[in-house]
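Here is the structure we will look at, set down as structure tokens.
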Amino acid sequence: MSLLEVRNLRIQFVTEEGETQAVDDISFFVDSGETVALVGESGSGKSVTALSLSRLVPTPPARYQGGQILFEGKDVLQFSKRQLQDLRGGKIAYVFQEPSTSLNPVFRVRNQIAEAIHLHRRDVQDVRAEILNILDLVGIRDPIRAMEAYPHQLSGGMQQRVMIAMALACRPKLLVADEPTTALDVTIQAQILNLLRELRKKLGMAVLLITHNFAIVSNLADRVLVMYRGKIVEQGPTQEVLHHPKHPYTQALLACIPKIGSMERRLTTIDHEALARMS
Amino acid sequence: MASYLIRRILYMVPIIFGVMVITFVLFFVVQSPTAMAKRILGPKAKPEAIQNWLHNRGYDKPRFINTQPGATWWDSQFVHQMKALATFDLGYSDATGESIARMFRQGAIPSLLITVPSFIFGFLISLSAALFFVFVRDSRTDLFGVILCVAMMSIPIQVYVIFGQWLIAVKTSYLPAFGFYLSGASTIKFLVLPVILYTLADLGGEVRLYRTIFLEEIHQEYVKTAQAKGVSPARVLFVHVLKNGMISIITLVVASLPFLIIGSLVLENFFGIPGLGNLTVNAIRTSDFAVVRTTVYLGSLLYLVGLLLTDICYAAVDPRIRFQ
């Protein structure tokens, strides 16, 4: 049994402007300890998919129309509020794109991590020691200082480490990282990605990595899911998808990556009309 | 911090000076001191009596600058008045000769007895109602709440007062409709109706404002993080959102604190309460410039203190803000 198995999931957004099929009949799985990348352009439905795993997409405007989200064999779509709260943070934890706004500005780092521990790990005796431990784990050099800091007193990279620490505080089985490096400097990006790779090895958790950066995919992911207009159009082992893409959208997406030393004057873009005609 | 405060306090000086110049000019554009004396002393007053009256109050001096030979340039009405106000030597009423300091002390008590309870009840009720409507947001109850608030905002305070007096006092005669007598616990029966009406009149607007502030917070990213952590909806609202929203709310509230002492012009007039609001209205009516300028002076001082308190409060509750 897979850790996570999504079957025929469909999510619709109903707004005053009309209905949008954000997630259109997708199925995929994530095994324990494996890293799966979910790629696609903005608006393809990857973030909605990620949030829906613990039903974080607000209803309304969203509507879960059908399908199953099986986590450890149990359907999240049937969970009670209580079960959902235990699942969120406890089993599935999230790291979001923008650490500067994702942390609560008026609480100290210590309190924000402690909240997660209080919610899901009531057995922990020495919360302070545990916080220091986790901050050390995510590579923060001066954990005592960082613990007492407010988010705005830390750099972007440090803030993202704190977000990761908070996510890891409850020992989740699945870490969902929604574009965790998009808002960071390139050098910091590499540090955070290395950190994620190390942590996955150390803690043996599964990672669902949402990104539109293929360099990250090839570095980190065991398997790739390619999403386009709410559908998963291609999935497979990373090297196979990157080197032998089968779906025209994947091919187009890969062709868009600029290469250093290339003499082309214009960057390649995706011709959506042509793609729509094909599919 | 200290240098910031000193700088802010120094800024107050030119602002107050400007306010006082404008008040002084406006008041004497409307009427000359002689006309004022005639109004107060009556139409049949003798010219010597008027001259005497003007001389005793310093209104016979030049307005701004003394250009008479042999006199110092600052021996003028404006300079003398400013000097007195700056040292809080409030002087005497032009109309009655009463000590203005005493008038203000006496007037502040009834004003505060009405504004302070209204402020406390109003704040607690609006805050709870706003949190409740945010908790049930996008429901029918929330919609009903918004409609009710807008309706309450749209009714002017006079309507509340007249309807309240008619319903509680005239129709059922539980409470006096009018008047005020300060005497221990029995004063309460004069306070209940004005306090309730003053609270009600502001309620709609405040609930709506607080609700908007909290709704703005609830769409922030950190709320999504808290939910993703498994925090319950109640805790998200009452811990994460409340603390952030309170930054804006406390600031608004603190800015309004100094005005409590001034009281409500409308309410005190309708209920015949001898507070500072009534005092001001009467002073304007009787051309009592001494009282008017003191009220304007103290009022603008309070306003500036309110603004300063707001900034201090901001720095105290929001860790991101530091004095510079």
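Lettering and numbering for the structure tokens are positional, with chains as A, B, ... in the shown order, residues counted from 1 in each chain, and ligands counted from 1 in the shown order.
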Which residues of chain A sit at most 6 Å from chain B, using only C-alpha atoms? Give each one's shortest atom pair and distance in Å (one decimal place), in chain and ascending residue order, as a Markdown table.
| residue | atom | partner | partner_atom | distance |
| --- | --- | --- | --- | --- |
| A:Gln85 | CA | B:Gly230 | CA | 4.3 |
| A:Arg88 | CA | B:Gly230 | CA | 4.5 |
| A:Gly89 | CA | B:Lys229 | CA | 4.1 |
| A:Thr101 | CA | B:Glu221 | CA | 5.7 |
| A:Ser102 | CA | B:Tyr222 | CA | 4.3 |
| A:Leu103 | CA | B:Tyr222 | CA | 5.2 |
| A:Asn104 | CA | B:Tyr222 | CA | 5.1 |
Convert the current residue selection to file output with C-alpha atoms, as a PDB file, in the first residue's frame.
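Final output, saved to part20.pdb:
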ATOM      1  CA  GLN A  85      -6.609  18.569  12.384  1.00  0.00           C
ATOM      2  CA  ARG A  88      -2.552  18.414   9.123  1.00  0.00           C
ATOM      3  CA  GLY A  89       0.888  18.991  10.517  1.00  0.00           C
ATOM      4  CA  THR A 101       4.460  36.024   4.820  1.00  0.00           C
ATOM      5  CA  SER A 102       3.909  32.395   5.774  1.00  0.00           C
ATOM      6  CA  LEU A 103       5.225  32.871   9.302  1.00  0.00           C
ATOM      7  CA  ASN A 104       3.030  34.775  11.713  1.00  0.00           C
TER       8      ASN A 104
END
* Asked: Any idea what's packed within 10 Å of Glu148 (chain A), counting only C-alpha atoms, ignoring anything in its chain fewer than 6 positions away? Could you give it as an NGL selection string?
  -> :A and (107-111)
Kindly save the residues from that selection, with N, CA, C and O atoms included, as an mmCIF file, in the first residue's frame.
data_model
loop_
_atom_site.group_PDB
_atom_site.id
_atom_site.type_symbol
_atom_site.label_atom_id
_atom_site.label_comp_id
_atom_site.auth_asym_id
_atom_site.auth_seq_id
_atom_site.Cartn_x
_atom_site.Cartn_y
_atom_site.Cartn_z
ATOM 1 N N PHE A 107 4.423 36.526 16.369
ATOM 2 C CA PHE A 107 4.825 35.516 17.344
ATOM 3 C C PHE A 107 6.289 35.155 17.148
ATOM 4 O O PHE A 107 6.780 35.115 16.017
ATOM 5 N N ARG A 108 6.961 34.901 18.265
ATOM 6 C CA ARG A 108 8.353 34.484 18.180
ATOM 7 C C ARG A 108 8.440 33.102 17.538
ATOM 8 O O ARG A 108 7.505 32.299 17.649
ATOM 9 N N VAL A 109 9.585 32.836 16.890
ATOM 10 C CA VAL A 109 9.831 31.548 16.252
ATOM 11 C C VAL A 109 9.561 30.412 17.240
ATOM 12 O O VAL A 109 8.894 29.425 16.917
ATOM 13 N N ARG A 110 10.034 30.601 18.465
ATOM 14 C CA ARG A 110 9.848 29.590 19.516
ATOM 15 C C ARG A 110 8.369 29.211 19.673
ATOM 16 O O ARG A 110 8.017 28.033 19.684
ATOM 17 N N ASN A 111 7.498 30.221 19.749
ATOM 18 C CA ASN A 111 6.078 29.940 19.966
ATOM 19 C C ASN A 111 5.437 29.258 18.763
ATOM 20 O O ASN A 111 4.538 28.439 18.923
#
Leaving out region 285-300 of chain B and any residue of its chain fewer than 5 positions from it, which residues lie within 6 Å of it when counting only C-alpha atoms, given as a PDB file with N, CA, C and O atoms, in the first residue's frame?
ATOM      1  N   SER B  93     -13.713  83.086  32.842  1.00  0.00           N
ATOM      2  CA  SER B  93     -14.684  83.171  31.756  1.00  0.00           C
ATOM      3  C   SER B  93     -14.995  84.621  31.440  1.00  0.00           C
ATOM      4  O   SER B  93     -15.160  85.442  32.340  1.00  0.00           O
ATOM      5  N   ASP B  94     -15.082  84.947  30.142  1.00  0.00           N
ATOM      6  CA  ASP B  94     -15.450  86.299  29.745  1.00  0.00           C
ATOM      7  C   ASP B  94     -16.894  86.610  30.125  1.00  0.00           C
ATOM      8  O   ASP B  94     -17.250  87.743  30.400  1.00  0.00           O
ATOM      9  N   ALA B  95     -17.725  85.586  30.123  1.00  0.00           N
ATOM     10  CA  ALA B  95     -19.146  85.811  30.332  1.00  0.00           C
ATOM     11  C   ALA B  95     -19.501  85.874  31.818  1.00  0.00           C
ATOM     12  O   ALA B  95     -20.227  86.758  32.247  1.00  0.00           O
TER      13      ALA B  95
END
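Here CA of Gly122 (chain B) is placed at a distance of 26.1 Å from CA of Val106 (chain A).
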- Item | Backbone-only DSSP, strand (DSSP E or B) members of region 8-121 of chain A, as a PyMOL selection string | chain A and resi 8-15+18-30+35-39+62-71+74-75+88+92-95
**Message:** Taking 4 positions as the minimum chain separation for residues in the same chain, which residues sit within 12 Å of Thr115 (chain B) when counting only C-alpha atoms? Answer as number ranges by chain.
**Reply:** B: 108-111, 119-123, 191-192, 194-199, 202, 256-265, 267-268, 275-277
Given the selection you just returned, output its residues as a file containing N, CA, C and O atoms, formatted as a tab-separated table (two decimals), in the first residue's frame.
chain	number	residue	atom	x	y	z
B	108	ALA	N	-15.68	67.98	33.42
B	108	ALA	CA	-15.05	66.73	33.00
B	108	ALA	C	-15.72	65.53	33.66
B	108	ALA	O	-15.83	64.46	33.05
B	109	ILE	N	-16.19	65.70	34.91
B	109	ILE	CA	-16.74	64.54	35.63
B	109	ILE	C	-17.98	63.98	34.93
B	109	ILE	O	-18.00	62.80	34.58
B	110	PRO	N	-19.02	64.79	34.66
B	110	PRO	CA	-20.18	64.23	33.96
B	110	PRO	C	-19.82	63.68	32.58
B	110	PRO	O	-20.32	62.63	32.17
B	111	SER	N	-18.92	64.38	31.88
B	111	SER	CA	-18.53	63.90	30.55
B	111	SER	C	-17.91	62.51	30.63
B	111	SER	O	-18.28	61.60	29.91
B	119	PHE	N	-17.46	53.82	26.19
B	119	PHE	CA	-16.27	53.40	25.47
B	119	PHE	C	-15.93	51.94	25.79
B	119	PHE	O	-15.67	51.14	24.90
B	120	ILE	N	-15.97	51.60	27.08
B	120	ILE	CA	-15.61	50.24	27.49
B	120	ILE	C	-16.63	49.23	26.96
B	120	ILE	O	-16.26	48.25	26.32
B	121	PHE	N	-17.92	49.50	27.21
B	121	PHE	CA	-18.95	48.57	26.70
B	121	PHE	C	-18.88	48.48	25.18
B	121	PHE	O	-18.91	47.40	24.61
B	122	GLY	N	-18.79	49.64	24.55
B	122	GLY	CA	-18.78	49.68	23.09
B	122	GLY	C	-17.63	48.88	22.53
B	122	GLY	O	-17.80	48.08	21.61
B	123	PHE	N	-16.45	49.02	23.13
B	123	PHE	CA	-15.27	48.32	22.63
B	123	PHE	C	-15.43	46.81	22.79
B	123	PHE	O	-15.21	46.06	21.84
B	191	LEU	N	-27.40	58.26	34.24
B	191	LEU	CA	-26.34	57.85	33.30
B	191	LEU	C	-26.78	56.73	32.36
B	191	LEU	O	-26.32	56.66	31.24
B	192	VAL	N	-27.67	55.84	32.86
B	192	VAL	CA	-27.96	54.61	32.12
B	192	VAL	C	-28.38	54.90	30.67
B	192	VAL	O	-27.76	54.38	29.73
B	194	PRO	N	-28.19	57.72	28.65
B	194	PRO	CA	-27.17	58.29	27.76
B	194	PRO	C	-26.06	57.30	27.41
B	194	PRO	O	-25.62	57.24	26.26
B	195	VAL	N	-25.63	56.50	28.39
B	195	VAL	CA	-24.55	55.54	28.12
B	195	VAL	C	-25.00	54.51	27.09
B	195	VAL	O	-24.29	54.22	26.12
B	196	ILE	N	-26.22	53.97	27.27
B	196	ILE	CA	-26.72	52.97	26.32
B	196	ILE	C	-26.81	53.58	24.92
B	196	ILE	O	-26.36	52.99	23.94
B	197	LEU	N	-27.37	54.76	24.83
B	197	LEU	CA	-27.58	55.37	23.52
B	197	LEU	C	-26.25	55.73	22.86
B	197	LEU	O	-26.07	55.53	21.66
B	198	TYR	N	-25.30	56.22	23.65
B	198	TYR	CA	-24.00	56.59	23.10
B	198	TYR	C	-23.28	55.34	22.58
B	198	TYR	O	-22.64	55.36	21.53
B	199	THR	N	-23.41	54.24	23.33
B	199	THR	CA	-22.80	52.97	22.91
B	199	THR	C	-23.44	52.49	21.61
B	199	THR	O	-22.74	52.13	20.66
B	202	ASP	N	-22.55	54.24	18.13
B	202	ASP	CA	-21.26	53.98	17.48
B	202	ASP	C	-21.07	52.51	17.10
B	202	ASP	O	-20.12	52.16	16.41
B	256	SER	N	-8.48	57.53	20.06
B	256	SER	CA	-9.75	58.14	20.46
B	256	SER	C	-9.84	58.39	21.96
B	256	SER	O	-10.74	59.08	22.43
B	257	LEU	N	-8.89	57.83	22.73
B	257	LEU	CA	-8.95	57.96	24.19
B	257	LEU	C	-9.02	59.40	24.70
B	257	LEU	O	-9.88	59.72	25.53
B	258	PRO	N	-8.15	60.31	24.23
B	258	PRO	CA	-8.18	61.67	24.78
B	258	PRO	C	-9.51	62.36	24.59
B	258	PRO	O	-9.86	63.26	25.35
B	259	PHE	N	-10.29	61.93	23.60
B	259	PHE	CA	-11.54	62.61	23.31
B	259	PHE	C	-12.64	62.26	24.30
B	259	PHE	O	-13.68	62.92	24.33
B	260	LEU	N	-12.39	61.23	25.09
B	260	LEU	CA	-13.42	60.85	26.06
B	260	LEU	C	-13.72	62.01	26.99
B	260	LEU	O	-14.85	62.23	27.39
B	261	ILE	N	-12.68	62.77	27.32
B	261	ILE	CA	-12.86	63.83	28.31
B	261	ILE	C	-13.69	64.98	27.75
B	261	ILE	O	-14.40	65.68	28.47
B	262	ILE	N	-13.63	65.15	26.44
B	262	ILE	CA	-14.37	66.26	25.84
B	262	ILE	C	-15.88	65.98	25.82
B	262	ILE	O	-16.68	66.90	25.83
B	263	GLY	N	-16.22	64.69	25.83
B	263	GLY	CA	-17.63	64.34	25.90
B	263	GLY	C	-18.32	64.48	24.55
B	263	GLY	O	-17.69	64.74	23.54
B	264	SER	N	-19.61	64.26	24.57
B	264	SER	CA	-20.37	64.31	23.33
B	264	SER	C	-21.22	65.58	23.31
B	264	SER	O	-22.05	65.79	24.19
B	265	LEU	N	-21.00	66.42	22.32
B	265	LEU	CA	-21.75	67.67	22.21
B	265	LEU	C	-23.25	67.41	22.12
B	265	LEU	O	-24.06	67.97	22.86
B	267	LEU	N	-25.10	64.59	22.71
B	267	LEU	CA	-25.73	63.84	23.80
B	267	LEU	C	-25.91	64.72	25.04
B	267	LEU	O	-26.98	64.73	25.67
B	268	GLU	N	-24.89	65.49	25.38
B	268	GLU	CA	-24.97	66.32	26.59
B	268	GLU	C	-26.04	67.40	26.43
B	268	GLU	O	-26.73	67.76	27.38
B	275	GLY	N	-21.66	68.71	31.09
B	275	GLY	CA	-20.30	68.24	30.81
B	275	GLY	C	-19.54	69.23	29.97
B	275	GLY	O	-20.01	70.34	29.68
B	276	LEU	N	-18.35	68.81	29.52
B	276	LEU	CA	-17.52	69.71	28.73
B	276	LEU	C	-18.11	69.99	27.35
B	276	LEU	O	-17.89	71.05	26.79
B	277	GLY	N	-18.86	69.03	26.83
B	277	GLY	CA	-19.50	69.23	25.54
B	277	GLY	C	-20.48	70.39	25.62
B	277	GLY	O	-20.48	71.31	24.78
*Arg122 (chain A): which residues within 12 Å, counting only C-alpha atoms, same-chain residues fewer than 6 positions away excluded, as a ChimeraX atom specification?*
/A:90,114-116,169-170
Taking C-alpha atoms for each residue, export the selection above as a PDB file, in the first residue's frame.
ATOM      1  CA  GLY A  90       0.910  15.615  12.242  1.00  0.00           C
ATOM      2  CA  ALA A 114       6.011  25.063  20.067  1.00  0.00           C
ATOM      3  CA  GLU A 115       2.426  25.322  18.830  1.00  0.00           C
ATOM      4  CA  ALA A 116       3.034  22.538  16.332  1.00  0.00           C
ATOM      5  CA  ALA A 169       8.515  19.399  14.352  1.00  0.00           C
ATOM      6  CA  CYS A 170       5.727  16.835  14.245  1.00  0.00           C
TER       7      CYS A 170
END
What lies within 9 Å of Met12 (chain B) using only C-alpha atoms, ignoring chain neighbours under 3 positions off, as number ranges by chain? B: 7-9, 15-17, 301, 304-305
Would you kindly return, as a CSV table (one decimal) with N, CA and C atoms, in the first residue's frame, each protein, DNA or RNA residue with an atom no farther than 10 Å from any atom of Thr238 (chain A), considering only C-alpha atoms and excluding same-chain residues fewer than 4 positions away?
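In the end it all went to part01.csv:
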chain,number,residue,atom,x,y,z
A,36,VAL,N,8.6,12.8,-4.8
A,36,VAL,CA,7.9,13.0,-6.1
A,36,VAL,C,7.8,14.4,-6.4
A,37,ALA,N,8.1,14.8,-7.6
A,37,ALA,CA,8.0,16.2,-8.1
A,37,ALA,C,6.7,16.4,-8.9
A,214,PHE,N,13.0,22.6,-13.5
A,214,PHE,CA,13.4,21.3,-13.9
A,214,PHE,C,14.8,20.9,-13.3
A,217,VAL,N,14.0,19.4,-10.1
A,217,VAL,CA,13.4,18.1,-10.3
A,217,VAL,C,14.5,17.0,-10.5
A,218,SER,N,15.4,17.3,-11.4
A,218,SER,CA,16.4,16.3,-11.8
A,218,SER,C,17.4,16.1,-10.6
A,219,ASN,N,17.5,17.1,-9.7
A,219,ASN,CA,18.4,17.0,-8.6
A,219,ASN,C,17.8,16.1,-7.5
A,220,LEU,N,16.5,16.3,-7.3
A,220,LEU,CA,15.9,15.8,-6.0
A,220,LEU,C,14.9,14.6,-6.2
A,221,ALA,N,14.2,14.6,-7.3
A,221,ALA,CA,13.0,13.8,-7.4
A,221,ALA,C,13.3,12.4,-7.9
A,222,ASP,N,12.6,11.4,-7.3
A,222,ASP,CA,12.7,10.0,-7.8
A,222,ASP,C,11.7,9.8,-9.0
A,223,ARG,N,10.6,10.5,-8.9
A,223,ARG,CA,9.6,10.4,-9.9
A,223,ARG,C,9.0,11.8,-10.2
A,224,VAL,N,8.5,11.9,-11.4
A,224,VAL,CA,7.9,13.2,-11.8
A,224,VAL,C,6.4,13.1,-12.3
A,225,LEU,N,5.6,14.0,-11.8
A,225,LEU,CA,4.2,14.1,-12.4
A,225,LEU,C,4.2,15.4,-13.1
A,242,LEU,N,12.5,13.2,-18.1
A,242,LEU,CA,13.3,14.4,-18.6
A,242,LEU,C,14.0,14.1,-19.9
A,243,HIS,N,14.4,12.9,-20.1
A,243,HIS,CA,15.1,12.6,-21.3
A,243,HIS,C,14.3,12.0,-22.5
A,244,HIS,N,13.2,11.4,-22.1
A,244,HIS,CA,12.3,10.9,-23.2
A,244,HIS,C,10.9,11.3,-22.9
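Between CA of Phe88 (chain B) and CA of Leu41 (chain B) lies a distance of 27.2 Å.
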